[in-house]
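Below you'll find the structure, written out as structure tokens, and then a few comments.
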There are 2 protein chains.
Amino acid sequence: MDEKGNPKSIKLPETVEAFSNLKNAKRFAIDIGGTLTKIAYYSTVSYRRINYEADQDNTVSSEEQNKYELSENARLHFIKFETKYIENCLDFICENLVSSREKMAGKTIKATGGGAYRYADLLQESLGLSVDKEEEMDCLIKGCNFLLKNISDEAFVFHRHGTPEYDFQMADPNIFPYMLVNIGSGVSIMKVESEDSYERIGGTATGGGTFWGLGSLLTKAKGFDELLALAESGDHRKVDMLVKDIFGGDCKGLGLPADLIASSFGKVCPKRGTETMCSEADVARSLLFTISNDIGQIACLYAMMHKLNKVYFGGYFLRNHPLSMHTISFSINYWSKGTVQSLFLRHEGYLGAIGAFLIGAEECDDERYSWLENYAGSSGLQSYVESRVLPDSKVSVDQLELDRLESPLAYCPLLTSPALYVPDTVDLNADAEAREYWLQCFEDSLDKFVVTAVASQPSSETGELRAQQFRHKYVSRLRRLRRQPFAYGNLTVRSLLDTIEHCLKEFDFPDPYLTQKQMENECALSLLRERLDELDGMQSERERHIELVTSILAGNMFDWGAKEVVEIMETKQFGFREARARIPERPWLVDCLDAWLDRLEQKEAHHCAAIFADNSGVDIILGILPFARELIQRGTKVILCANSAPALNDVTHSELLVILRQAAAICPIISRALTNGELVAMETAQAGPCLDLSRLNGELAKQMRFVDLLVLEGMGRAVHTNLNAQFRCECLKVAVIKNRWLANRLGGPMFSVLCKYEVKNQS
Amino acid sequence: MDEKGNPKSIKLPETVEAFSNLKNAKRFAIDIGGTLTKIAYYSTVSYRRINYEADQDNTVSSEEQNKYELSENARLHFIKFETKYIENCLDFICENLVSSREKMAGKTIKATGGGAYRYADLLQESLGLSVDKEEEMDCLIKGCNFLLKNISDEAFVFHRHGTPEYDFQMADPNIFPYMLVNIGSGVSIMKVESEDSYERIGGTATGGGTFWGLGSLLTKAKGFDELLALAESGDHRKVDMLVKDIFGGDCKGLGLPADLIASSFGKVCPKRGTETMCSEADVARSLLFTISNDIGQIACLYAMMHKLNKVYFGGYFLRNHPLSMHTISFSINYWSKGTVQSLFLRHEGYLGAIGAFLIGAEECDDERYSWLENYAGSSGLQSYVESRVLPDSKVSVDQLELDRLESPLAYCPLLTSPALYVPDTVDLNADAEAREYWLQCFEDSLDKFVVTAVASQPSSETGELRAQQFRHKYVSRLRRLRRQPFAYGNLTVRSLLDTIEHCLKEFDFPDPYLTQKQMENECALSLLRERLDELDGMQSERERHIELVTSILAGNMFDWGAKEVVEIMETKQFGFREARARIPERPWLVDCLDAWLDRLEQKEAHHCAAIFADNSGVDIILGILPFARELIQRGTKVILCANSAPALNDVTHSELLVILRQAAAICPIISRALTNGELVAMETAQAGPCLDLSRLNGELAKQMRFVDLLVLEGMGRAVHTNLNAQFRCECLKVAVIKNRWLANRLGGPMFSVLCKYEVKNQS
């Protein structure tokens with residue numbers, strides 16, 4: 001603790017965000033290209049984390065600081081800047097590494113890219129690290145495999161005139177084989193067949209160097225991006241000879257459409273007595289088309305020859321530039337007649353640096369860890385539009401930060417078609433109306449989050465400041481997403497919720513709803529015995545089963561993430577009975593309750609149920625626990641699945657362990673079940689209110705193989721995500737729609753009920 | 001006859017050679033490209049031809065003009081010139097067509113190429129022909145098939161640093177399937193599977209228009225050829241980034257050689273404070289490499305994908321330009337690892353015009369006719385170096401003339417490996433020493449040819465002038481071939497001899513050796529009875545067989561084409577006995593005589609023998625006839641094969657018919673054989689002293705299927721050509737080497753004897 005009551009080692013958020021956590025940097029890699037340099041480093045970030053166990057025995061009014069424990073999170077940082085600033089950047093690193101310079105002595109830096117040779121001495125001198133050069137292609141492939149396997153929405157198909165323009169691809173469990181086209185100064189084409197095997201099957205010397213070389217001879221553009229911007233404003237039809245320029249329209253004989261380019265630059269040949277009428281912008285655009293078309297065609301021919309239908313593009317030429325991606329996509333699609341898919345990568349610029357870092361990096365062991373893109377620390381797509389600035393210089397940088405999860409992730413084995421699984425129900429990139437609503441909704445909710453965050457740290461002097469920084473960060477992110485909904489992959493309610501959590505964590509609000517949750521848990525636990533007796537006393541089994549589902553619905557009303565519910569709950573006159581009373585009469589909006597009841601009556605007990613729970617308090621204690629207890633009594637093993645990290649008032653795995661202990665003291669059935677393993681709590685690896693079943697905690701995923709009943713509870717897990725997911729087992733999706741707009745959109749009023757029961761779907 | 005004793009309709013050779021025979025033009029086709037226009041027309045050429053039959057009953061001193069009859073030869077003309085001169089050229093055609101304009105009324109002109117639309121009205125107005133537009137690709141393919149099937153040495157592989165640079169391909173009886181890459185402003189790639197079926201399988205917009213368009217923006221070159229010339233002088237290494245610029249040498253990891261281009265134009269990106277150091281020539285060369293490499297690679301990928309190993313290139317971009325052909329060849333070879341062969345066409349510029357002409361052209365019926373490149377009237381390869389000029393203008397034109405043969409040609413069915421057959425023993429493109437010798441030898445012999453030509457038309461007033469024009473033409477051709485041995489395909493003794501005949505015919509010397517041949521025939525016939533009695537009187541069959549072969553050798557001494565023999569013969573004291581005395585003692589240089597004698601003694605008579613005879617006079621009458629008579633007496637049918645048209649003092653088919661009639665009057669055995677078909681004379685379709693067994697008269701080729709003994713006589717048929725040819729039947733090759741240099745080269749003295757007997761070779 002310092003004198004102001006702030007825990008030591010917890011620094012104030014930096015006003016300069018570039019090169020964050022540099023002081024704790026433990027390992028470096030660098031990819032020095034002709035134009036851009038990418039630095040990768042691994043460091044640890046200290047965070048405060050709630051110690052739920054410690055808190056359990058204290059009263060709510062116990063010393064605030066006792067609630068926290070310090071936690072070290074591992075993080076991978078990637079920074080990209082123009083190579084011409086490499087000395088400024090290395091100087092900056094050097095100054096900020098001072099504290100840990102000794103620790104680095106004798107260590108090495110992995111280096112790749114064309115500049116690895118030229119700058120080896122500079123690296124050695126300025127950082128005091130010996131330089132290990134790594135083969136560029138090895139790094140690219142390793143980097144690409146890593147991104148495709150670990151980062152959600154990494155790859156996307158680009159449709160310049162589509163809605164959405166960016167069609168992000170779910171990470172496919174099986175990424176091989178694929179083709180990687182790396183467009184640097186020249187172009188290399190690789191066939192990648194497994195983690196350890198790839199082959200350079202081709203290439204072409206017509207690449208980014210050709211675009212920029214010819215562009216600098218043909219225009220006055222002073223840089224690559226300026227040349228791209230010029231191309232964006234030009235009209236290539238003044239430069240290129242189109243099919244219609246020759247045939248007056250389509251060339252039906254050869255099946256060539258009128259607007260197809262017949263001869264690039266074919267219109268500039270000087271005619272007698274005429275001057276060329278094209279501008280530099282027209283020329284730049286034609287040049288971009290020439291190079292992109294050519295690369296696209298050659299890539300496509302290699303893909304078809306090697307029977308590869310996924311082609312990923314990387315390298316500095318593309319820079320996620322829409323016009324280039326469009327031309328390459330068009331070309332691939334045209335020449336393959338749609339059989340080859342061109343895919344781009346959100347982080348294509350980092351492939352080499354990531355790969356160089358990964359070579360021999362224990363910190364990244366696939367078997368032990370997994371990775372999560374930190375939305376608070378990463379720059380997002382099209383960073384050439386927005387970028388951050390180093391102090392005392394005009395160096396623009398772009399960042400990618402990946403947080404390490406201490407366990408591997410896996411696909412939920414119950415998904416019917418893992419390759420087709422998309423967790424999110426609505427793609428806000430594609431659905432402009434929904435996007436507009438949710439962006440505004442989250443912006444409107446922000447005041448409550450800020451107030452709650454400040455209230456959660458009443459004795460911190462910096463709480464108010466950090467909360468305002470959090471507000472600023474999140475609002476600017478929401479506004480960025482309004483302009484570029486594709487900036488961080490698929491824009492979804494899930495990603496917007498996750499971003500809140502990343503930002504809160506970044507500004508040191510480890511669990512703003514902690515107090516609220518604890519209060520509600522205590523309150524609900526005090527009612528548990530009575531409620532269980534009430535249920536046990538019911539004569540009709542069917543009525544009890546109805547009441548158990550209704551209880552989950554009533555519990556699910558208690559949601560501090562739902563703006564309109566918060567207003568009700570803040571009246572303080574809102575308890576389980578009040579919530580129960582608000583559940584509408586049947587038939588509900590989606591009402592499969594009878595089918596569920598019939599199932600329970602007519603068939604044997606389930607072997608094993610996995611229940612993905614939602615909120616703390618009434619929800620988990622008076623809704624989920626009695627329901628689980630009933631299943632257990634029927635002979636079903638129950639796995640209660642809860643988030644690994646806090647998100648709003650969702651119950652976390654750590655909290656759940658405490659709650660179950662307390663419930664066991666109240667109910668002998670629960671106690672016995674916990675003892676003999678009929679009731680277990682497991683963590684999901686999620687850190688937000690939604691549920692991505694493609695990134696499930698590995699241990700949980702293993703257990704899921706024995707599950708024959710899946711229960712998804714709440715809006716986040718059963719409506720925003722997984723509403724349409726199909727499973728190889730029975731599934732019960734239960735939620736109250738606590739958002740008027742969404743309820744209306746689904747065709748019902750506020751507090752509409754979703755009770756969806758699905759039998760197993762094997763296909 | 002006109003008043004000067006020249007037959008009517010025989011015009012003096014034109015001083016302006018372009019658009020020859022325009023007055024008789026009967027059908028037109030035109031291919032109007034953006035840069036070059038190609039006109040095709042069919043016309044008839046009137047030639048004087050010897051009437052051997054008419055002459056037979058006259059004395060040598062009969063009226064000279066009675067020897068001739070008029071003959072109409074059909075000829076296809078192709079002319080190429082820059083499209084910007086199209087109006088001048090159409091005007092020229094119009095003026096020169098006057099005489100036959102009425103005949104053209106109501107007729108059509110086939111038109112193709114991009115300009116067919118733009119210039120349709122002009123064509124209609126200026127020529128009075130209605131315009132039939134033909135699809136460009138159909139024309140290209142038709143033209144390509146025609147050239148590959150009909151023109152010797154049309155296709156070649158190009159090795160810029162090879163000896164020879166040009167590796168001409170024998171026309172393969174089976175040309176399909178192949179790939180045609182047409183590089184115009186853009187590039188079209190076609191898969192051709194048969195005469196009637198092709199498919200456009202791809203293309204690229206990076207073509208000739210791109211080269212010229214970018215070139216005109218980047219350099220001050222005023223035309224395509226100027227840009228090519230600029231490229232020829234540049235150094236692309238100042239512009240392109242090579243593998244060694246990145247890796248300091250080879251990139252062994254990726255298997256890339258140091259000098260490979262890694263990034264076209266990759267070196268021109270302006271660095272801070274530096275100016276680009278490259279010249280316009282450097283840029284032009286790099287541009288040529290960029291475009292050619294790209295086209296080569298794309299073509300190669302299509303070829304591999306469609307499993308086609310022959311790729312022909314056509315279109316205006318190449319222009320048989322060595323640097324472009326080299327780059328494309330290199331690219332194809334590199335990317336296909338040698339599995340795809342890139343082939344260029346000597347007449348690639350004419351594909352469209354030829355194809356347009358052929359559509360519906362009865363004059364070109366494959367089944368009825370065949371075609372022979374007229375070496376006198378065609379411009380030869382690399383016409384952009386040399387070209388001809390229209391009168392009163394500076395229009396440069398390039399020409400191709402094809403003479404029609406009135407029967408189809410066919411491969412000799414006796415060849416062991418038709419696809420591997422190369423008629424010529426020495427490739428003078430590859431063998432510089434032999435080339436030097438033969439070019440000089442022919443130049444030295446020219447005086448004799450000129451004197452003989454003049455002497456053959458003693459009463460013509462223009463004889464001397466035409467003979468000098470012939471000399472000028474042939475000498476300039478020899479000198480051109482010294483500089484560009486590849487100008488007309490493979491340079492061989494055969495092609496040099498053929499060129500003499502084409503030029504003599506062009507300048508109206510239909511058969512300069514006629515008088516000489518007739519005199520010798522008469523003289524030899526007067527000795528025939530005595531000689532036959534002498535042979536019949538020989539006791540030993542073996543000795544007679546020896547004497548029969550020796551007689552052929554003695555007869556073969558009489559050769560007015562062999563410079564050193566001419567000098568001996570001119571002493572006039574040289575008869576059969578003198579020649580017989582000059583035959584060296586055995587063993588001869590190549591001496592299989594004993595094997596031949598054993599064959600005759602030990603096995604049954606041959607079923608049918610084909611004897612390819614050489615000279616008139618002693619050779620055919622005292623050498624070949626007794627030999628044939630012996631075979632006939634043994635029970636063998638004999639086909640005497642003679643040239644279709646005159647060449648030096650070679651016996652022609654028409655002459656042979658006369659000789660056989662005369663011999664029949666002398667010898668009852670010959671008479672009986674002629675009557676009952678045991679002795680027949682057939683024409684070979686050859687018009688030179690050599691023998692190309694891939695272009696044999698179709699009727700003869702049919703008869704050859706029954707032949708089990710092939711006799712090739714003389715230097716032209718058994719040494720300059722076919723020395724190494726292998727046959728599916730027995731073959732006797734007999735010749736006296738009447739050239740000291742050649743005899744020495746073969747390892748013997750002057751008058752060395754070749755008597756090569758080979759049993760059948762089936763493999």
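For the structure tokens, the naming scheme is as follows: chains receive sequential letters (A, B, ...) according to their order of presentation, residues are indexed from 1 within each chain, and ligands are indexed from 1 in presentation order.
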Counting only C-alpha atoms, which residues from chain B have an atom at most 6 Å from any atom of chain A, and could you show them as a PyMOL selection string? chain B and resi 185-186+205-206+209-210+213+262-266+268-269+305
What's the 9 Å shell around Asp692 of chain B, counting only C-alpha atoms, without same-chain residues fewer than 6 positions away, as a list in words? Tyr411, Val422, Pro423, Asp424, Arg494, Gln686, Arg717, Thr721 and Asn722 of chain B
Run DSSP on the backbone and give me the residues of segment 154-279 of chain B it puts in strand (DSSP E), as JSON, numbers by chain. {"B": [155, 156, 157, 158, 166, 167, 168, 178, 179, 180, 181, 182, 183, 187, 188, 189, 190, 191, 192, 193, 194, 197, 198, 199, 200, 201, 202, 203, 204, 241, 242, 261, 262, 263]}
With N, CA and C atoms retained, write the just-selected residues as an mmCIF file, in the first residue's frame.
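Saved result, out-v8.cif, follows:
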data_model
loop_
_atom_site.group_PDB
_atom_site.id
_atom_site.type_symbol
_atom_site.label_atom_id
_atom_site.label_comp_id
_atom_site.auth_asym_id
_atom_site.auth_seq_id
_atom_site.Cartn_x
_atom_site.Cartn_y
_atom_site.Cartn_z
ATOM 1 N N ALA B 155 7.618 -23.473 -86.072
ATOM 2 C CA ALA B 155 7.756 -23.265 -84.628
ATOM 3 C C ALA B 155 9.205 -23.451 -84.202
ATOM 4 N N PHE B 156 9.592 -22.696 -83.193
ATOM 5 C CA PHE B 156 10.953 -22.875 -82.685
ATOM 6 C C PHE B 156 11.009 -22.606 -81.189
ATOM 7 N N VAL B 157 12.006 -23.239 -80.587
ATOM 8 C CA VAL B 157 12.342 -22.970 -79.201
ATOM 9 C C VAL B 157 13.467 -21.944 -79.253
ATOM 10 N N PHE B 158 13.440 -20.989 -78.341
ATOM 11 C CA PHE B 158 14.458 -19.947 -78.383
ATOM 12 C C PHE B 158 15.400 -20.070 -77.183
ATOM 13 N N TYR B 166 18.113 -20.534 -82.216
ATOM 14 C CA TYR B 166 16.794 -20.925 -82.706
ATOM 15 C C TYR B 166 16.789 -22.431 -82.948
ATOM 16 N N ASP B 167 15.942 -23.125 -82.224
ATOM 17 C CA ASP B 167 15.847 -24.571 -82.384
ATOM 18 C C ASP B 167 14.492 -24.853 -83.042
ATOM 19 N N PHE B 168 14.535 -24.939 -84.391
ATOM 20 C CA PHE B 168 13.282 -25.091 -85.141
ATOM 21 C C PHE B 168 12.757 -26.509 -85.014
ATOM 22 N N TYR B 178 -2.532 -28.441 -77.964
ATOM 23 C CA TYR B 178 -1.527 -27.446 -77.601
ATOM 24 C C TYR B 178 -2.206 -26.243 -76.968
ATOM 25 N N MET B 179 -1.395 -25.356 -76.419
ATOM 26 C CA MET B 179 -1.931 -24.131 -75.831
ATOM 27 C C MET B 179 -1.407 -22.959 -76.644
ATOM 28 N N LEU B 180 -2.282 -22.033 -76.959
ATOM 29 C CA LEU B 180 -1.860 -20.837 -77.691
ATOM 30 C C LEU B 180 -2.040 -19.626 -76.782
ATOM 31 N N VAL B 181 -0.968 -18.885 -76.613
ATOM 32 C CA VAL B 181 -1.026 -17.661 -75.828
ATOM 33 C C VAL B 181 -0.899 -16.491 -76.791
ATOM 34 N N ASN B 182 -1.966 -15.746 -76.932
ATOM 35 C CA ASN B 182 -1.929 -14.621 -77.856
ATOM 36 C C ASN B 182 -1.743 -13.326 -77.074
ATOM 37 N N ILE B 183 -0.581 -12.732 -77.269
ATOM 38 C CA ILE B 183 -0.258 -11.516 -76.524
ATOM 39 C C ILE B 183 -0.493 -10.312 -77.412
ATOM 40 N N VAL B 187 -3.904 -10.366 -73.029
ATOM 41 C CA VAL B 187 -3.444 -11.713 -73.342
ATOM 42 C C VAL B 187 -4.616 -12.691 -73.282
ATOM 43 N N SER B 188 -4.754 -13.518 -74.308
ATOM 44 C CA SER B 188 -5.742 -14.594 -74.278
ATOM 45 C C SER B 188 -5.030 -15.932 -74.316
ATOM 46 N N ILE B 189 -5.523 -16.878 -73.555
ATOM 47 C CA ILE B 189 -4.889 -18.195 -73.476
ATOM 48 C C ILE B 189 -5.910 -19.247 -73.902
ATOM 49 N N MET B 190 -5.569 -19.964 -74.963
ATOM 50 C CA MET B 190 -6.494 -20.935 -75.527
ATOM 51 C C MET B 190 -5.925 -22.351 -75.481
ATOM 52 N N LYS B 191 -6.792 -23.287 -75.163
ATOM 53 C CA LYS B 191 -6.455 -24.704 -75.240
ATOM 54 C C LYS B 191 -7.045 -25.213 -76.554
ATOM 55 N N VAL B 192 -6.184 -25.769 -77.428
ATOM 56 C CA VAL B 192 -6.652 -26.207 -78.748
ATOM 57 C C VAL B 192 -6.568 -27.726 -78.800
ATOM 58 N N GLU B 193 -7.697 -28.362 -78.989
ATOM 59 C CA GLU B 193 -7.722 -29.817 -78.908
ATOM 60 C C GLU B 193 -7.876 -30.511 -80.247
ATOM 61 N N SER B 194 -8.404 -29.796 -81.212
ATOM 62 C CA SER B 194 -8.513 -30.359 -82.551
ATOM 63 C C SER B 194 -8.753 -29.214 -83.518
ATOM 64 N N SER B 197 -11.989 -27.671 -82.352
ATOM 65 C CA SER B 197 -12.375 -27.398 -80.979
ATOM 66 C C SER B 197 -11.256 -26.736 -80.196
ATOM 67 N N TYR B 198 -11.613 -25.569 -79.661
ATOM 68 C CA TYR B 198 -10.694 -24.898 -78.754
ATOM 69 C C TYR B 198 -11.502 -24.197 -77.681
ATOM 70 N N GLU B 199 -10.807 -23.798 -76.619
ATOM 71 C CA GLU B 199 -11.482 -23.149 -75.500
ATOM 72 C C GLU B 199 -10.559 -22.057 -74.969
ATOM 73 N N ARG B 200 -11.144 -20.886 -74.676
ATOM 74 C CA ARG B 200 -10.352 -19.841 -74.018
ATOM 75 C C ARG B 200 -10.317 -20.197 -72.539
ATOM 76 N N ILE B 201 -9.165 -20.641 -72.064
ATOM 77 C CA ILE B 201 -9.082 -21.100 -70.673
ATOM 78 C C ILE B 201 -8.597 -20.008 -69.737
ATOM 79 N N GLY B 202 -8.153 -18.900 -70.287
ATOM 80 C CA GLY B 202 -7.694 -17.835 -69.398
ATOM 81 C C GLY B 202 -7.167 -16.655 -70.163
ATOM 82 N N GLY B 203 -6.540 -15.773 -69.436
ATOM 83 C CA GLY B 203 -5.990 -14.571 -70.040
ATOM 84 C C GLY B 203 -5.481 -13.648 -68.960
ATOM 85 N N THR B 204 -4.933 -12.542 -69.353
ATOM 86 C CA THR B 204 -4.570 -11.514 -68.381
ATOM 87 C C THR B 204 -4.580 -10.170 -69.089
ATOM 88 N N MET B 241 14.833 -5.321 -57.698
ATOM 89 C CA MET B 241 15.477 -5.866 -56.505
ATOM 90 C C MET B 241 15.702 -7.355 -56.747
ATOM 91 N N LEU B 242 16.978 -7.755 -56.707
ATOM 92 C CA LEU B 242 17.290 -9.164 -56.947
ATOM 93 C C LEU B 242 17.337 -9.921 -55.620
ATOM 94 N N ILE B 261 14.988 -12.131 -60.016
ATOM 95 C CA ILE B 261 14.328 -10.888 -59.605
ATOM 96 C C ILE B 261 13.390 -11.200 -58.444
ATOM 97 N N ALA B 262 13.611 -10.517 -57.322
ATOM 98 C CA ALA B 262 12.742 -10.719 -56.163
ATOM 99 C C ALA B 262 11.567 -9.760 -56.226
ATOM 100 N N SER B 263 11.837 -8.535 -56.663
ATOM 101 C CA SER B 263 10.776 -7.531 -56.758
ATOM 102 C C SER B 263 11.043 -6.629 -57.952
#
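Atom CA of Glu82 of chain A sits 21.7 Å away from atom CA of Leu402 of chain A.
With atom CA of Ile332 of chain B on one side and atom CA of Thr163 of chain B on the other, the separation reads 19.9 Å.
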Can you list every residue in segment 142-381 of chain B that DSSP puts in helix (DSSP H, G or I), as a VMD selection string? chain B and resid 142 to 150 208 to 218 224 to 233 236 to 238 243 to 247 280 to 305 322 to 336 348 to 358 362 to 364
Nearby residues (only C-alpha atoms) at most 12 Å from Val451 of chain B, same-chain spacing under 6 positions excluded, as a PyMOL selection string: chain B and resi 445+457-458+463-468+470-471+509+512-513
Residues near Leu497 of chain B, anyone? I mean within 10 Å using only C-alpha atoms, not counting same-chain ones fewer than 6 positions away, as a PyMOL selection string. chain B and resi 442+561+647-648+687-690+716
Output C-alpha atoms for every residue in the selection just made, as a PDB file, in the first residue's frame.
ATOM      1  CA  PHE B 442      27.126 -21.159-102.835  1.00  0.00           C
ATOM      2  CA  GLY B 561      25.368 -28.652-108.924  1.00  0.00           C
ATOM      3  CA  ALA B 647      16.394 -28.379-109.801  1.00  0.00           C
ATOM      4  CA  LEU B 648      19.847 -28.101-111.359  1.00  0.00           C
ATOM      5  CA  ALA B 687      11.523 -29.070-106.217  1.00  0.00           C
ATOM      6  CA  GLY B 688      15.145 -29.170-105.078  1.00  0.00           C
ATOM      7  CA  PRO B 689      18.069 -31.581-105.124  1.00  0.00           C
ATOM      8  CA  CYS B 690      17.374 -32.786-101.589  1.00  0.00           C
ATOM      9  CA  GLY B 716      21.267 -34.300-102.042  1.00  0.00           C
TER      10      GLY B 716
END
For Pro164 of chain B, work out the shell of residues within 12 Å, counting only C-alpha atoms and skipping chain neighbours fewer than 6 positions away, then give it as a ChimeraX atom specification. /B:156-158,427-432,435,484-486,489-491
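Across B:Cys608, B:Ala361, B:Val311, B:Ala645, the tightest approach to Tyr42 of chain B is made by B:Ala361 when counting only C-alpha atoms.
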Which polymer residues have any atom within 10 Å of an atom of Leu123 of chain B, counting only C-alpha atoms, with same-chain residues fewer than 4 positions away left out, as a list of chain:residue names? B:Ile30, B:Ile86, B:Glu87, B:Leu90, B:Ile109, B:Ala111, B:Ala116, B:Arg118, B:Tyr119, B:Leu127, B:Gly128, B:Leu129, B:Ser130, B:Val131
Test item: residues at most 10 Å from Cys667 of chain A, only C-alpha atoms, excluding those fewer than 4 positions along its chain, as a list of chain:residue names: A:Leu528, A:Arg529, A:Leu532, A:Arg629, A:Leu660, A:Gln662, A:Ala663, A:Ser671, A:Arg672
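The residue that comes closest to Leu446 of chain B, out of B:Ala610, B:Val493, B:Ala562, B:Val340 and on the basis of only C-alpha atoms, is B:Ala562.
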